[in-house]
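**Q** Next comes upload-v6.pdb, PDB, C-alpha atoms and all ligand atoms:
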```pdb
ATOM      1  CA  MET S   1      44.349  19.980 106.552
ATOM      2  CA  ILE S   2      44.647  19.998 102.785
ATOM      3  CA  VAL S   3      44.048  23.216 100.853
ATOM      4  CA  LEU S   4      42.862  22.956  97.252
ATOM      5  CA  PRO S   5      42.478  25.858  94.825
ATOM      6  CA  ARG S   6      38.965  26.082  93.394
ATOM      7  CA  ALA S   7      40.373  25.270  89.922
ATOM      8  CA  VAL S   8      41.817  21.991  91.217
ATOM      9  CA  VAL S   9      38.496  21.003  92.779
ATOM     10  CA  THR S  10      36.754  21.764  89.486
ATOM     11  CA  HIS S  11      39.327  19.740  87.565
ATOM     12  CA  ILE S  12      38.868  16.708  89.814
ATOM     13  CA  ALA S  13      35.068  16.928  89.633
ATOM     14  CA  GLU S  14      35.131  17.197  85.840
ATOM     15  CA  ALA S  15      37.605  14.308  85.510
ATOM     16  CA  ALA S  16      35.414  12.188  87.789
ATOM     17  CA  GLU S  17      32.336  12.891  85.683
ATOM     18  CA  ALA S  18      34.196  12.273  82.406
ATOM     19  CA  ALA S  19      35.521   8.918  83.631
ATOM     20  CA  TYR S  20      32.159   7.746  84.985
ATOM     21  CA  PRO S  21      31.272   4.899  85.439
ATOM     22  CA  ASP S  22      35.005   4.211  85.797
ATOM     23  CA  GLU S  23      37.222   5.697  88.473
ATOM     24  CA  CYS S  24      39.448   8.619  87.538
ATOM     25  CA  CYS S  25      42.767   9.281  89.247
ATOM     26  CA  GLY S  26      45.706  11.610  89.368
ATOM     27  CA  LEU S  27      48.378  13.128  91.560
ATOM     28  CA  LEU S  28      48.307  16.269  93.696
ATOM     29  CA  VAL S  29      51.346  18.543  93.528
ATOM     30  CA  GLY S  30      52.103  21.150  96.160
ATOM     31  CA  ARG S  31      53.900  21.881  99.394
ATOM     32  CA  ALA S  32      53.836  20.146 102.749
ATOM     33  CA  GLU S  33      54.045  22.777 105.483
ATOM     34  CA  ALA S  34      55.874  22.234 108.758
ATOM     35  CA  SER S  35      52.444  22.292 110.436
ATOM     36  CA  GLY S  36      51.480  19.221 108.432
ATOM     37  CA  ASP S  37      49.115  21.155 106.177
ATOM     38  CA  ARG S  38      49.314  20.381 102.472
ATOM     39  CA  LEU S  39      48.893  23.234 100.025
ATOM     40  CA  VAL S  40      48.055  21.895  96.571
ATOM     41  CA  SER S  41      49.009  24.000  93.546
ATOM     42  CA  ARG S  42      48.076  21.716  90.668
ATOM     43  CA  VAL S  43      47.124  18.210  89.620
ATOM     44  CA  ALA S  44      48.814  15.752  87.298
ATOM     45  CA  ALA S  45      46.019  13.740  85.724
ATOM     46  CA  SER S  46      46.614  10.081  84.946
ATOM     47  CA  PRO S  47      44.782   7.420  83.036
ATOM     48  CA  ASN S  48      43.443   4.724  85.338
ATOM     49  CA  VAL S  49      45.789   1.817  84.582
ATOM     50  CA  ALA S  50      44.371  -0.583  87.169
ATOM     51  CA  GLU S  51      44.201  -4.151  85.971
ATOM     52  CA  GLY S  52      40.751  -5.560  86.388
ATOM     53  CA  ASN S  53      37.627  -3.595  87.151
ATOM     54  CA  THR S  54      38.254   0.147  86.858
ATOM     55  CA  ARG S  55      34.758   0.813  88.208
ATOM     56  CA  ASP S  56      35.950   0.033  91.704
ATOM     57  CA  SER S  57      39.729   0.356  91.557
ATOM     58  CA  PHE S  58      42.350   2.712  90.275
ATOM     59  CA  LEU S  59      46.055   2.883  89.652
ATOM     60  CA  VAL S  60      48.011   5.985  88.722
ATOM     61  CA  ASP S  61      50.306   5.332  85.759
ATOM     62  CA  PRO S  62      53.712   4.690  87.404
ATOM     63  CA  LYS S  63      55.487   6.441  84.542
ATOM     64  CA  ILE S  64      53.544   9.646  85.198
ATOM     65  CA  GLN S  65      54.449   9.404  88.875
ATOM     66  CA  PHE S  66      58.160   8.782  88.310
ATOM     67  CA  ASP S  67      58.448  11.456  85.619
ATOM     68  CA  LEU S  68      56.764  13.903  87.975
ATOM     69  CA  MET S  69      59.059  12.971  90.873
ATOM     70  CA  ARG S  70      62.065  13.533  88.635
ATOM     71  CA  GLU S  71      60.694  16.877  87.455
ATOM     72  CA  LEU S  72      59.995  18.048  91.012
ATOM     73  CA  GLY S  73      63.381  16.914  92.300
ATOM     74  CA  ASP S  74      64.244  18.309  95.727
ATOM     75  CA  GLY S  75      61.469  20.824  95.727
ATOM     76  CA  PRO S  76      60.120  23.206  96.736
ATOM     77  CA  GLU S  77      57.082  21.253  95.558
ATOM     78  CA  CYS S  78      56.437  17.544  95.824
ATOM     79  CA  ILE S  79      53.670  15.004  95.358
ATOM     80  CA  VAL S  80      51.482  15.561  98.421
ATOM     81  CA  GLY S  81      48.792  13.072  97.537
ATOM     82  CA  HIS S  82      46.451  11.804  94.899
ATOM     83  CA  TYR S  83      42.787  11.807  94.022
ATOM     84  CA  HIS S  84      40.355   9.279  92.668
ATOM     85  CA  SER S  85      36.623   8.933  92.252
ATOM     86  CA  HIS S  86      34.024   6.561  93.651
ATOM     87  CA  PRO S  87      31.371   5.955  90.978
ATOM     88  CA  ASP S  88      28.019   5.397  92.720
ATOM     89  CA  HIS S  89      29.701   5.083  96.107
ATOM     90  CA  GLY S  90      30.296   7.491  98.945
ATOM     91  CA  ALA S  91      33.474   9.522  99.357
ATOM     92  CA  ALA S  92      34.838   7.362 102.191
ATOM     93  CA  PRO S  93      37.901   5.155 101.541
ATOM     94  CA  SER S  94      37.043   1.606 100.557
ATOM     95  CA  GLU S  95      38.521  -1.606 101.895
ATOM     96  CA  ARG S  96      40.438  -1.856  98.633
ATOM     97  CA  ASP S  97      41.831   1.632  99.248
ATOM     98  CA  ARG S  98      43.011   0.537 102.687
ATOM     99  CA  ARG S  99      44.981  -2.290 101.077
ATOM    100  CA  SER S 100      46.521   0.096  98.534
ATOM    101  CA  VAL S 101      48.456   2.449 100.804
ATOM    102  CA  PHE S 102      51.988   2.617  99.446
ATOM    103  CA  TYR S 103      52.885   6.173 100.461
ATOM    104  CA  PRO S 104      51.617   6.747 104.015
ATOM    105  CA  ASP S 105      52.312  10.498 103.858
ATOM    106  CA  HIS S 106      50.117  10.978 100.810
ATOM    107  CA  VAL S 107      46.735  12.596 101.269
ATOM    108  CA  TRP S 108      43.876  10.717  99.650
ATOM    109  CA  VAL S 109      41.265  12.949  98.053
ATOM    110  CA  ILE S 110      38.121  11.057  97.081
ATOM    111  CA  VAL S 111      35.154  12.378  95.148
ATOM    112  CA  ALA S 112      31.829  10.579  95.055
ATOM    113  CA  VAL S 113      30.064  10.411  91.690
ATOM    114  CA  ASP S 114      26.365   9.713  91.837
ATOM    115  CA  GLY S 115      24.782   8.797  88.515
ATOM    116  CA  GLY S 116      27.495  10.666  86.622
ATOM    117  CA  ARG S 117      27.419  13.818  88.765
ATOM    118  CA  ALA S 118      30.315  14.644  91.086
ATOM    119  CA  GLY S 119      29.260  15.171  94.692
ATOM    120  CA  ASP S 120      31.029  15.018  98.039
ATOM    121  CA  MET S 121      34.797  15.427  98.095
ATOM    122  CA  THR S 122      36.740  14.329 101.157
ATOM    123  CA  ALA S 123      40.398  14.018 102.197
ATOM    124  CA  HIS S 124      42.032  11.282 104.258
ATOM    125  CA  LEU S 125      45.368  10.295 105.678
ATOM    126  CA  PHE S 126      46.291   6.737 106.503
ATOM    127  CA  ASP S 127      47.082   6.166 110.159
ATOM    128  CA  THR S 128      49.660   3.379 109.959
ATOM    129  CA  GLY S 129      49.526   2.813 113.729
ATOM    130  CA  ARG S 130      45.810   2.078 113.652
ATOM    131  CA  GLY S 131      45.748   0.602 110.175
ATOM    132  CA  ARG S 132      42.941   2.822 108.993
ATOM    133  CA  PHE S 133      42.174   6.122 107.357
ATOM    134  CA  ARG S 134      41.183   9.245 109.223
ATOM    135  CA  GLU S 135      39.434  12.095 107.492
ATOM    136  CA  ILE S 136      41.214  15.445 107.489
ATOM    137  CA  PRO S 137      39.754  18.888 106.776
ATOM    138  CA  LEU S 138      39.621  19.919 103.112
ATOM    139  CA  ARG S 139      39.590  23.648 102.425
ATOM    140  CA  VAL S 140      38.932  25.268  99.070
ATOM    141  CA  THR S 141      40.464  28.618  98.172
ATOM    142  CA  GLY S 142      40.114  31.063  95.299
TER     143      GLY S 142
HETATM  144 ZN    ZN A   1      38.621   4.318  96.493
END
```
Could you render the structure from this file as structure tokens?

**A**
Amino acid sequence: MIVLPRAVVTHIAEAAEAAYPDECCGLLVGRAEASGDRLVSRVAASPNVAEGNTRDSFLVDPKIQFDLMRELGDGPECIVGHYHSHPDHGAAPSERDRRSVFYPDHVWVIVAVDGGRAGDMTAHLFDTGRGRFREIPLRVTG
């Protein structure tokens, strides 16, 4: 399960709508519990620096990621995942997403944007054994 504060959900939805028809992206900062649950406290927004078509691909700015990793150090918080949007597509991971798994312990949060309006938001973990994503519960608090 991944737990997102209401303010984080709002931020992601607004970023997705602002970036439309391009994909937005950013990192999720929080704690990974022993149970496997991820508790997100905040986001680190990133420009989409994907080369090529940013309407169906995204790349978090590596500098933002490395600066954040340095800032977070040994904890207690870490990068627990990232988010991106799917302009005029559903909130399920795409084939391109499946080929872009570099951190298998990161949760993928995806928000669908339909005609410029944010809609469904889902969370996924990549199952390296099976080579595919599985959806995990997403809970909103606050
Ligand atoms: Zn995607």

**Q** Which of these residues is nearest to ligand ZN 1 (chain A), using only C-alpha atoms and all ligand atoms: S:Thr54, S:Gln65, S:Ser41, S:Ser35?

**A**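 Looking only at the distances to ligand ZN 1 (chain A), the closest residue turns out to be S:Thr54.
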
**Q** Return as a ChimeraX atom specification every polymer residue, whether protein, DNA or RNA, with at least one atom no more than 9 Å from an atom of ligand ZN 1 (chain A); count all atoms listed in the file.

**A** /S:23,56-58,83-86,89,91-98,108,110-111

**Q** Using all atoms listed in the file, can you tell me which of S:Ala123, S:Ile2, S:Leu59, S:Val8 comes closest to Ser100 (chain S)?

**A**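 Distance minimum relative to Ser100 (chain S) lands on S:Leu59.
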
**Q** Going by the chain IDs and residue numbers used in this file, which residues fall under the PyMOL selection byres (((chain S and resi 102-104) around 8) and not hetatm)? Write them as a PyMOL selection string.

**A** chain S and resi 100-101+105-106+125-128

**Q** Excluding Arg31 (chain S) and any residue of its chain fewer than 2 positions from it, enumerate the residues within 12 Å of it, using all atoms listed in the file, and give them as a list of chain:residue names.

**A** S:Ile2, S:Val3, S:Leu4, S:Leu28, S:Val29, S:Glu33, S:Ala34, S:Ser35, S:Gly36, S:Asp37, S:Arg38, S:Leu39, S:Val40, S:Ser41, S:Arg42, S:Leu72, S:Asp74, S:Gly75, S:Pro76, S:Glu77, S:Cys78, S:Ile79, S:Val80, S:Gly81, S:His106, S:Val107

**Q** May I ask which of the residues S:Ala118, S:Leu138, S:Cys24, S:Val113 is the closest one to Ala50 (chain S), counting only C-alpha atoms?

**A** S:Cys24

**Q** Separation of CA of Ala13 (chain S) and CA of Glu71 (chain S), in Å?

**A** 25.7 Å

**Q** So what do you get for CA of Arg117 (chain S) versus CA of Ala19 (chain S), distance-wise?

**A**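 Atom-to-atom, CA of Arg117 (chain S) to CA of Ala19 (chain S), that is 10.8 Å.
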
**Q** Interatomic distance between CA of Thr10 (chain S) and CA of Pro62 (chain S)?

**A**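 Computed distance, CA of Thr10 (chain S) to CA of Pro62 (chain S), equals 24.2 Å.
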
**Q** From the set S:Gly131, S:Gly26, S:Gly52, S:Pro5, which residue has the shortest atom-to-atom contact distance to Arg99 (chain S), counting only C-alpha atoms?

**A**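 Nearest candidate to Arg99 (chain S) out of S:Gly131, S:Gly26, S:Gly52, S:Pro5: S:Gly131.
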
**Q** Using all atoms listed in the file, which residue out of S:Ala18, S:Ile12, S:Ala44, S:Ala112 lies closest to Asp67 (chain S)?

**A**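 Distance minimum relative to Asp67 (chain S) lands on S:Ala44.
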
**Q** With only C-alpha atoms as the atoms that count, which of S:Leu68, S:Val109, S:Val9, S:Ala32 lies nearest to Glu135 (chain S)?

**A** S:Val109

**Q** Box for region 102-117 of chain S - axis-aligned, 4 Å on each of the six sides, all listed atoms - centre and size in Å to one decimal, as JSON.

**A**
```
{"center_x": 38.8, "center_y": 8.2, "center_z": 95.3, "size_x": 36.1, "size_y": 19.2, "size_z": 25.4}
```
